[in-house]
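J.: File follows, run_25.cif with mmCIF, C-alpha atoms:
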data_structure
#
loop_
_atom_site.label_atom_id
_atom_site.label_comp_id
_atom_site.auth_asym_id
_atom_site.auth_seq_id
_atom_site.Cartn_x
_atom_site.Cartn_y
_atom_site.Cartn_z
CA MET A 1 14.27 -7.97 -12.48
CA PRO A 2 11.79 -6.74 -9.85
CA VAL A 3 10.94 -3.06 -10.11
CA GLN A 4 11.83 -0.97 -7.04
CA SER A 5 9.26 1.74 -7.76
CA THR A 6 6.73 2.62 -10.42
CA SER A 7 4.45 5.53 -11.29
CA ALA A 8 1.51 3.26 -12.15
CA ARG A 9 -1.17 1.94 -9.81
CA HIS A 10 -0.98 -1.66 -8.68
CA ALA A 11 -3.10 -4.19 -10.62
CA HIS A 12 -4.82 -5.69 -7.57
CA VAL A 13 -8.59 -6.11 -7.86
CA GLY A 14 -11.03 -6.04 -4.97
CA ALA A 15 -10.54 -5.96 -1.22
CA PRO A 16 -7.46 -7.07 0.75
CA ARG A 17 -7.10 -10.82 1.08
CA SER A 18 -8.68 -12.32 4.20
CA ILE A 19 -5.35 -13.80 5.25
CA ASP A 20 -3.77 -10.34 5.17
CA SER A 21 -6.59 -8.81 7.19
CA ALA A 22 -6.17 -11.53 9.80
CA GLY A 23 -2.41 -10.96 9.77
CA GLU A 24 -2.84 -7.40 11.06
CA ALA A 25 -2.96 -8.99 14.52
CA LEU A 26 0.83 -9.51 14.22
CA ALA A 27 1.57 -5.77 14.34
CA LEU A 28 3.27 -6.04 17.75
CA LEU A 29 5.69 -8.58 16.28
CA GLU A 30 6.93 -5.98 13.77
CA LEU A 31 7.47 -3.54 16.62
CA ALA A 32 9.45 -6.17 18.53
CA LEU A 33 11.71 -6.69 15.50
CA LEU A 34 12.89 -3.06 15.41
CA PRO A 35 16.02 -3.65 17.56
CA VAL A 36 16.98 -6.63 15.39
CA VAL A 37 16.94 -4.64 12.16
CA TRP A 38 18.53 -1.48 13.57
CA PRO A 39 21.52 -1.80 11.16
CA LEU A 40 19.08 -1.21 8.28
CA LEU A 41 18.20 2.14 9.85
CA ILE A 42 21.72 3.17 10.86
CA GLU A 43 22.99 3.17 7.26
CA THR A 44 20.26 5.48 5.95
CA PRO A 45 21.38 9.02 4.96
CA ARG A 46 21.20 12.04 7.26
CA GLY A 47 18.85 14.89 6.46
CA ASP A 48 19.38 18.50 5.51
CA GLY A 49 17.35 19.82 8.44
CA HIS A 50 14.19 20.79 6.55
CA PRO A 51 10.85 20.61 8.40
CA VAL A 52 8.72 17.44 8.34
CA LEU A 53 5.05 17.31 9.33
CA LEU A 54 3.52 14.00 10.48
CA LEU A 55 -0.16 13.19 9.91
CA PRO A 56 -1.76 10.21 11.74
CA GLY A 57 -4.11 7.63 10.33
CA PHE A 58 -7.78 7.22 11.16
CA LEU A 59 -8.21 7.05 14.97
CA GLY A 60 -4.46 7.59 15.38
CA ASP A 61 -2.91 10.30 17.53
CA GLU A 62 0.60 11.55 18.26
CA LYS A 63 1.50 8.38 20.19
CA SER A 64 1.08 6.33 17.02
CA LEU A 65 3.70 8.49 15.29
CA VAL A 66 6.49 8.24 17.88
CA ALA A 67 8.83 6.13 15.72
CA LEU A 68 8.12 8.30 12.68
CA LYS A 69 9.15 11.33 14.73
CA LEU A 70 12.15 10.02 16.67
CA PHE A 71 13.93 8.34 13.77
CA PRO A 72 13.79 11.22 11.22
CA ALA A 73 14.65 13.66 14.04
CA SER A 74 17.78 11.60 14.71
CA LYS A 75 18.70 12.18 11.07
CA GLY A 76 18.57 15.95 11.46
CA TYR A 77 15.01 16.89 10.44
CA GLN A 78 12.73 19.36 12.24
CA VAL A 79 9.85 16.94 12.85
CA GLU A 80 6.47 18.08 14.16
CA TYR A 81 3.14 16.42 14.85
CA TRP A 82 0.02 17.88 13.26
CA GLY A 83 -1.17 19.06 16.70
CA LEU A 84 -4.87 18.33 16.11
CA GLY A 85 -5.27 15.35 18.43
CA ARG A 86 -6.84 12.09 17.33
CA ASN A 87 -7.79 11.74 13.67
CA VAL A 88 -11.53 10.99 13.68
CA GLY A 89 -12.15 11.27 9.96
CA PHE A 90 -11.93 13.59 7.00
CA GLN A 91 -13.31 16.82 8.44
CA ARG A 92 -13.25 20.43 7.27
CA LYS A 93 -11.70 21.68 10.51
CA TYR A 94 -8.66 19.47 9.97
CA ILE A 95 -8.09 20.74 6.43
CA LEU A 96 -8.29 24.39 7.48
CA ALA A 97 -5.94 23.85 10.43
CA LEU A 98 -3.54 21.78 8.30
CA ASN A 99 -3.23 24.52 5.70
CA GLN A 100 -2.37 27.00 8.47
CA LYS A 101 0.12 24.56 10.01
CA ILE A 102 1.95 24.07 6.70
CA ARG A 103 2.18 27.80 6.06
CA HIS A 104 3.35 28.47 9.64
CA MET A 105 6.10 25.82 9.47
CA HIS A 106 7.20 27.15 6.08
CA PHE A 107 7.33 30.73 7.37
CA LYS A 108 9.04 29.83 10.65
CA SER A 109 11.78 27.70 9.10
CA GLY A 110 12.20 29.45 5.77
CA SER A 111 12.11 26.01 4.13
CA LYS A 112 9.38 24.02 2.45
CA VAL A 113 7.78 21.22 4.46
CA SER A 114 7.75 17.49 3.71
CA LEU A 115 4.45 15.82 4.63
CA VAL A 116 4.43 12.23 5.89
CA GLY A 117 0.93 10.76 6.23
CA TRP A 118 -0.05 7.33 7.48
CA SER A 119 -3.27 5.86 6.04
CA LEU A 120 -5.95 8.61 6.10
CA GLY A 121 -3.17 11.01 7.08
CA GLY A 122 -1.77 10.57 3.58
CA VAL A 123 -5.07 11.79 2.12
CA PHE A 124 -4.80 14.88 4.33
CA ALA A 125 -1.22 15.37 3.10
CA LEU A 126 -2.31 15.28 -0.54
CA VAL A 127 -5.20 17.70 0.00
CA GLY A 128 -3.00 19.97 2.13
CA ALA A 129 -0.40 20.15 -0.64
CA LEU A 130 -3.08 20.98 -3.20
CA HIS A 131 -4.27 23.90 -1.05
CA ALA A 132 -0.89 25.17 0.18
CA PRO A 133 1.51 24.14 -2.62
CA GLU A 134 3.92 27.02 -2.02
CA GLY A 135 4.92 25.53 1.33
CA VAL A 136 5.24 21.82 0.51
CA ARG A 137 8.47 20.18 -0.61
CA SER A 138 7.41 16.52 -0.90
CA ILE A 139 4.78 14.01 0.21
CA ILE A 140 5.30 10.49 1.56
CA THR A 141 2.22 8.33 2.19
CA LEU A 142 2.04 5.03 4.08
CA GLY A 143 -0.79 2.73 3.01
CA SER A 144 -3.04 5.69 2.20
CA PRO A 145 -6.32 5.31 0.25
CA LEU A 146 -5.45 7.85 -2.45
CA SER A 147 -7.06 6.23 -5.49
CA GLN A 148 -10.63 5.06 -5.75
CA ASP A 149 -12.43 3.37 -8.61
CA PRO A 150 -16.00 4.33 -9.63
CA ALA A 151 -17.31 1.24 -7.83
CA GLY A 152 -16.15 2.71 -4.52
CA SER A 153 -13.62 1.89 -1.84
CA LYS A 154 -12.48 -1.70 -1.33
CA THR A 155 -10.93 -1.15 2.09
CA SER A 156 -11.68 -3.84 4.65
CA GLN A 157 -15.31 -4.09 5.77
CA MET A 158 -14.31 -3.71 9.41
CA VAL A 159 -12.69 -0.33 8.70
CA LYS A 160 -15.72 0.81 6.68
CA SER A 161 -18.03 -0.06 9.58
CA LEU A 162 -15.79 1.71 12.08
CA TYR A 163 -15.59 4.80 9.88
CA ARG A 164 -19.39 4.92 9.61
CA LEU A 165 -19.68 4.65 13.36
CA VAL A 166 -17.11 7.33 14.20
CA ALA A 167 -16.84 9.71 11.25
CA HIS A 168 -19.45 9.49 8.51
CA PRO A 169 -22.43 7.26 7.58
CA MET A 170 -21.05 6.94 4.04
CA GLY A 171 -17.89 5.24 5.28
CA PRO A 172 -14.32 5.87 4.06
CA SER A 173 -15.55 6.93 0.61
CA ALA A 174 -16.95 10.08 2.22
CA HIS A 175 -13.69 12.00 2.02
CA ALA A 176 -13.88 12.04 -1.77
CA MET A 177 -17.23 13.86 -1.53
CA GLN A 178 -15.92 16.78 0.52
CA PRO A 179 -15.82 20.09 -1.43
CA ARG A 180 -12.18 20.60 -0.46
CA ALA A 181 -11.33 17.20 -1.93
CA GLN A 182 -12.73 17.87 -5.40
CA ALA A 183 -9.26 17.93 -6.97
CA LEU A 184 -8.46 14.62 -5.31
CA ARG A 185 -11.69 13.13 -6.66
CA ARG A 186 -10.67 14.22 -10.16
CA GLY A 187 -7.33 12.47 -9.74
CA GLU A 188 -5.31 15.69 -9.67
CA LEU A 189 -1.88 15.41 -8.06
CA PRO A 190 0.43 18.18 -6.82
CA GLN A 191 3.41 18.66 -9.13
CA ILE A 192 5.86 17.89 -6.35
CA PRO A 193 7.61 14.62 -5.42
CA ILE A 194 5.13 12.06 -4.07
CA SER A 195 6.23 8.65 -2.77
CA CYS A 196 3.41 6.20 -2.00
CA LEU A 197 4.53 3.31 0.19
CA TYR A 198 2.24 0.29 0.00
CA SER A 199 2.32 -3.36 1.03
CA LEU A 200 0.88 -6.45 -0.59
CA GLY A 201 0.29 -7.71 2.95
CA ASP A 202 -1.83 -4.68 3.90
CA GLY A 203 -5.04 -6.06 5.37
CA VAL A 204 -6.83 -2.69 5.45
CA VAL A 205 -6.14 -0.68 2.27
CA PRO A 206 -5.68 -2.73 -0.93
CA PRO A 207 -2.65 -1.88 -3.10
CA GLN A 208 -4.64 -0.44 -6.01
CA GLU A 209 -5.99 2.23 -3.63
CA ALA A 210 -2.66 2.90 -1.90
CA THR A 211 -0.93 3.63 -5.22
CA ILE A 212 -1.33 6.34 -7.86
CA ASP A 213 -1.04 6.87 -11.60
CA GLY A 214 1.37 9.78 -11.78
CA ASN A 215 4.20 11.55 -13.52
CA PRO A 216 7.27 9.27 -13.44
CA GLU A 217 9.50 12.30 -13.02
CA LEU A 218 7.81 13.21 -9.73
CA HIS A 219 5.53 10.42 -8.52
CA GLU A 220 6.28 6.87 -7.45
CA ASN A 221 4.83 3.82 -5.71
CA ILE A 222 7.21 1.85 -3.49
CA ARG A 223 6.41 -1.65 -2.28
CA VAL A 224 7.36 -2.53 1.30
CA LEU A 225 6.91 -5.56 3.53
CA GLY A 226 4.46 -5.70 6.43
CA GLY A 227 0.89 -5.00 7.48
CA HIS A 228 -1.10 -1.77 7.67
CA ILE A 229 -1.29 -1.34 11.43
CA ALA A 230 2.49 -1.62 11.78
CA LEU A 231 3.52 0.74 8.97
CA GLY A 232 4.39 3.58 11.33
CA PHE A 233 7.04 1.55 13.12
CA ASN A 234 8.04 -0.82 10.32
CA SER A 235 11.84 -0.73 9.90
CA MET A 236 11.70 -0.97 6.10
CA VAL A 237 9.20 1.89 6.02
CA LEU A 238 11.34 4.04 8.32
CA ALA A 239 14.43 3.41 6.19
CA THR A 240 12.53 4.21 2.98
CA VAL A 241 11.10 7.41 4.49
CA ALA A 242 14.62 8.48 5.47
CA ASP A 243 15.87 7.77 1.94
CA ARG A 244 13.08 9.83 0.37
CA LEU A 245 13.43 12.74 2.79
CA ALA A 246 17.16 12.92 2.00
CA GLN A 247 16.48 13.79 -1.66
CA ALA A 248 17.74 17.23 -2.64
CA GLU A 249 14.86 19.67 -3.02
CA ASP A 250 15.48 20.54 -6.66
CA ARG A 251 17.16 17.29 -7.71
CA TRP A 252 14.67 14.61 -6.71
CA GLN A 253 15.33 11.14 -8.14
CA PRO A 254 13.10 8.04 -8.12
CA PHE A 255 13.72 5.47 -5.42
CA ASN A 256 16.93 3.49 -6.02
CA PRO A 257 17.92 1.81 -2.74
CA SER A 258 21.28 0.35 -1.87
CA GLY A 259 22.71 -1.94 0.79
CA LEU A 260 20.33 -3.63 3.23
CA LEU A 261 17.39 -1.54 2.06
CA LYS A 262 17.88 -2.80 -1.49
CA THR A 263 17.84 -6.37 -0.17
CA ALA A 264 14.59 -5.69 1.68
CA CYS A 265 13.04 -4.25 -1.49
CA TRP A 266 14.01 -7.34 -3.47
CA MET A 267 12.34 -9.48 -0.80
CA ALA A 268 9.17 -7.40 -1.15
CA SER A 269 9.26 -7.78 -4.94
CA TYR A 270 9.81 -11.53 -4.87
CA GLY A 271 7.02 -11.88 -2.33
CA GLU A 272 4.58 -11.17 -5.16
CA ILE A 273 6.39 -13.28 -7.72
CA LEU A 274 6.72 -16.37 -5.51
CA GLY A 275 3.53 -15.99 -3.52
CA ASN A 276 -0.11 -15.74 -4.44
CA PRO A 277 -0.34 -12.70 -6.77
CA PRO A 278 -2.75 -10.21 -5.16
CA HIS A 279 -4.19 -9.17 -8.53
CA ALA A 280 -5.73 -12.63 -8.68
CA ALA A 281 -7.91 -11.83 -5.67
CA VAL A 282 -11.64 -12.30 -6.12
CA GLU A 283 -13.99 -9.47 -5.16
#
Show me, as structure tokens, the structure contained in the file I just sent.
T.:
Amino acid sequence: MPVQSTSARHAHVGAPRSIDSAGEALALLELALLPVVWPLLIETPRGDGHPVLLLPGFLGDEKSLVALKLFPASKGYQVEYWGLGRNVGFQRKYILALNQKIRHMHFKSGSKVSLVGWSLGGVFALVGALHAPEGVRSIITLGSPLSQDPAGSKTSQMVKSLYRLVAHPMGPSAHAMQPRAQALRRGELPQIPISCLYSLGDGVVPPQEATIDGNPELHENIRVLGGHIALGFNSMVLATVADRLAQAEDRWQPFNPSGLLKTACWMASYGEILGNPPHAAVE
């Protein structure tokens, strides 16, 4: 039986497959499918009204997070953008401002904040929770490069080149060298619920980097369908985010979908069994 979630990193080796990187061009198709799969979203649970902070991916801004804001807001959550403009890399100013934002939302609402980070935004979420743990309720990451082997990042070469051009000459591995990311470099994880959503079809961040080795009572990796560029408006991702946000604060349970979402998860699981197993990829 396919596993819905696991607390162990994926066994993929090397960079994303070339076919998956090329498939990122189909992101607009996933957006166009949203109206078709609306029933999948309608049946997801409503929220308890706690605050949710959205963190964009590299070069993303608030516009890229529209679906991630509108859908959870329709379920009752107090959803806010990070308010720092376009994400141009792992920078000290973002971390300092993020810590203040988390504490302000916590103080204003009287409730702990759930952090939802897409790609590099998920790295910010993890570091933010490590520095302001008293204000964070849970973390949900979408295709985020959270784990890195000693040999360095295996994200797509195009993204590495773009990161060097815009953010840092060392490329996407640079965030692990920041002083404020020392705990992340050591593999430390906040002792709060963390759900890492990853896709075998991600053409940017390979699954072994988008998943974590964690505590099965708090940490999980959830496989979804789709590419990296479309994760923020992917219907299966939105439904899974809603399911995870709806967990009671002190009674968190690992992902156990039902209905249409369960069917989608089975499709994602069988995609690896029936297709070309990504762990067979050659570096």
J.: With a distance cut-off of 7 Å and all atoms listed in the file, select the neighbouring residues of region 210-213 of chain A, excluding the residue or stretch itself and same-chain residues fewer than 3 positions from it, and output the selection as a list in words.
T.: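 Surrounding residues, per the criterion: Ser7, Ala8, Arg9, His10, Gly143, Ser144, Pro145, Leu146, Ser147, Cys196, Tyr198, Val205, Pro206, Pro207 and Asn221 of chain A.
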J.: So which one's closest to Met236 (chain A), A:Gly121, A:Pro39, A:Gly23, A:Pro133? Using all atoms listed in the file, please.
T.: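 Looking at the shortest contact to Met236 (chain A), the residue is A:Pro39.
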J.: Interatomic distance between CA of Thr44 (chain A) and CA of Leu260 (chain A)?
T.: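 Between CA of Thr44 (chain A) and CA of Leu260 (chain A) the gap works out to 9.5 Å.
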J.: Restricting the calculation to all atoms listed in the file: of A:Ser119, A:Thr240, A:Thr141, A:Ser114, which residue gets closest to Val204 (chain A)?
T.: A:Ser119
J.: For the structure provided, state which residues fall under the PyMOL selection byres ((chain A and resi 57) around 10), and present them as a VMD selection string.
T.: chain A and resid 54 to 56 58 to 61 64 to 65 86 to 89 117 to 124 142 to 144 229 232
J.: His131 (chain A): which residues within 10 Å, counting all atoms listed in the file, same-chain residues fewer than 2 positions away excluded, as a list in words?
T.: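 Listed by chain and then number, they are Ile95, Leu96, Leu98, Asn99, Ile102, Ala125, Leu126, Val127, Gly128, Ala129, Pro133, Glu134, Gly135, Val136, Arg180, Ala181, Ala183 and Pro190 of chain A.
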J.: For the atom pair CA of Asp243 (chain A) and CA of Lys108 (chain A), what is the interatomic distance in Å to one decimal place?
T.: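 Between these atoms lies a distance of 24.7 Å.
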J.: Could you add the missing atoms to region 101-119 of chain A, up to N, CA and C atoms, and return them as a PDB file, in the coordinates of the input?
T.:
ATOM      1  N   LYS A 101      -1.079  25.187   9.443  1.00  0.00           N
ATOM      2  CA  LYS A 101       0.120  24.560  10.010  1.00  0.00           C
ATOM      3  C   LYS A 101       1.247  24.516   8.982  1.00  0.00           C
ATOM      4  N   ILE A 102       0.940  24.134   7.758  1.00  0.00           N
ATOM      5  CA  ILE A 102       1.950  24.070   6.700  1.00  0.00           C
ATOM      6  C   ILE A 102       2.551  25.445   6.457  1.00  0.00           C
ATOM      7  N   ARG A 103       1.697  26.438   6.327  1.00  0.00           N
ATOM      8  CA  ARG A 103       2.180  27.800   6.060  1.00  0.00           C
ATOM      9  C   ARG A 103       3.007  28.330   7.230  1.00  0.00           C
ATOM     10  N   HIS A 104       2.599  28.007   8.471  1.00  0.00           N
ATOM     11  CA  HIS A 104       3.350  28.470   9.640  1.00  0.00           C
ATOM     12  C   HIS A 104       4.731  27.825   9.692  1.00  0.00           C
ATOM     13  N   MET A 105       4.817  26.506   9.457  1.00  0.00           N
ATOM     14  CA  MET A 105       6.100  25.820   9.470  1.00  0.00           C
ATOM     15  C   MET A 105       7.012  26.341   8.363  1.00  0.00           C
ATOM     16  N   HIS A 106       6.429  26.604   7.205  1.00  0.00           N
ATOM     17  CA  HIS A 106       7.200  27.150   6.080  1.00  0.00           C
ATOM     18  C   HIS A 106       7.757  28.515   6.432  1.00  0.00           C
ATOM     19  N   PHE A 107       6.908  29.367   7.003  1.00  0.00           N
ATOM     20  CA  PHE A 107       7.330  30.730   7.370  1.00  0.00           C
ATOM     21  C   PHE A 107       8.385  30.695   8.482  1.00  0.00           C
ATOM     22  N   LYS A 108       8.151  29.883   9.497  1.00  0.00           N
ATOM     23  CA  LYS A 108       9.040  29.830  10.650  1.00  0.00           C
ATOM     24  C   LYS A 108      10.431  29.325  10.288  1.00  0.00           C
ATOM     25  N   SER A 109      10.503  28.317   9.431  1.00  0.00           N
ATOM     26  CA  SER A 109      11.780  27.700   9.100  1.00  0.00           C
ATOM     27  C   SER A 109      12.456  28.318   7.877  1.00  0.00           C
ATOM     28  N   GLY A 110      11.652  28.940   7.022  1.00  0.00           N
ATOM     29  CA  GLY A 110      12.200  29.450   5.770  1.00  0.00           C
ATOM     30  C   GLY A 110      12.410  28.364   4.745  1.00  0.00           C
ATOM     31  N   SER A 111      11.953  27.149   5.046  1.00  0.00           N
ATOM     32  CA  SER A 111      12.110  26.010   4.130  1.00  0.00           C
ATOM     33  C   SER A 111      10.759  25.356   3.896  1.00  0.00           C
ATOM     34  N   LYS A 112      10.605  24.753   2.732  1.00  0.00           N
ATOM     35  CA  LYS A 112       9.380  24.020   2.450  1.00  0.00           C
ATOM     36  C   LYS A 112       9.298  22.773   3.324  1.00  0.00           C
ATOM     37  N   VAL A 113       8.071  22.297   3.513  1.00  0.00           N
ATOM     38  CA  VAL A 113       7.780  21.220   4.460  1.00  0.00           C
ATOM     39  C   VAL A 113       7.519  19.911   3.714  1.00  0.00           C
ATOM     40  N   SER A 114       8.105  18.818   4.206  1.00  0.00           N
ATOM     41  CA  SER A 114       7.750  17.490   3.710  1.00  0.00           C
ATOM     42  C   SER A 114       6.620  16.938   4.567  1.00  0.00           C
ATOM     43  N   LEU A 115       5.605  16.373   3.922  1.00  0.00           N
ATOM     44  CA  LEU A 115       4.450  15.820   4.630  1.00  0.00           C
ATOM     45  C   LEU A 115       4.533  14.301   4.609  1.00  0.00           C
ATOM     46  N   VAL A 116       4.427  13.685   5.790  1.00  0.00           N
ATOM     47  CA  VAL A 116       4.430  12.230   5.890  1.00  0.00           C
ATOM     48  C   VAL A 116       3.110  11.815   6.522  1.00  0.00           C
ATOM     49  N   GLY A 117       2.249  11.138   5.741  1.00  0.00           N
ATOM     50  CA  GLY A 117       0.930  10.760   6.230  1.00  0.00           C
ATOM     51  C   GLY A 117       0.722   9.264   6.217  1.00  0.00           C
ATOM     52  N   TRP A 118       0.221   8.756   7.344  1.00  0.00           N
ATOM     53  CA  TRP A 118      -0.050   7.330   7.480  1.00  0.00           C
ATOM     54  C   TRP A 118      -1.537   7.092   7.248  1.00  0.00           C
ATOM     55  N   SER A 119      -1.895   6.211   6.333  1.00  0.00           N
ATOM     56  CA  SER A 119      -3.270   5.860   6.040  1.00  0.00           C
ATOM     57  C   SER A 119      -4.076   7.111   5.678  1.00  0.00           C
TER      58      SER A 119
END
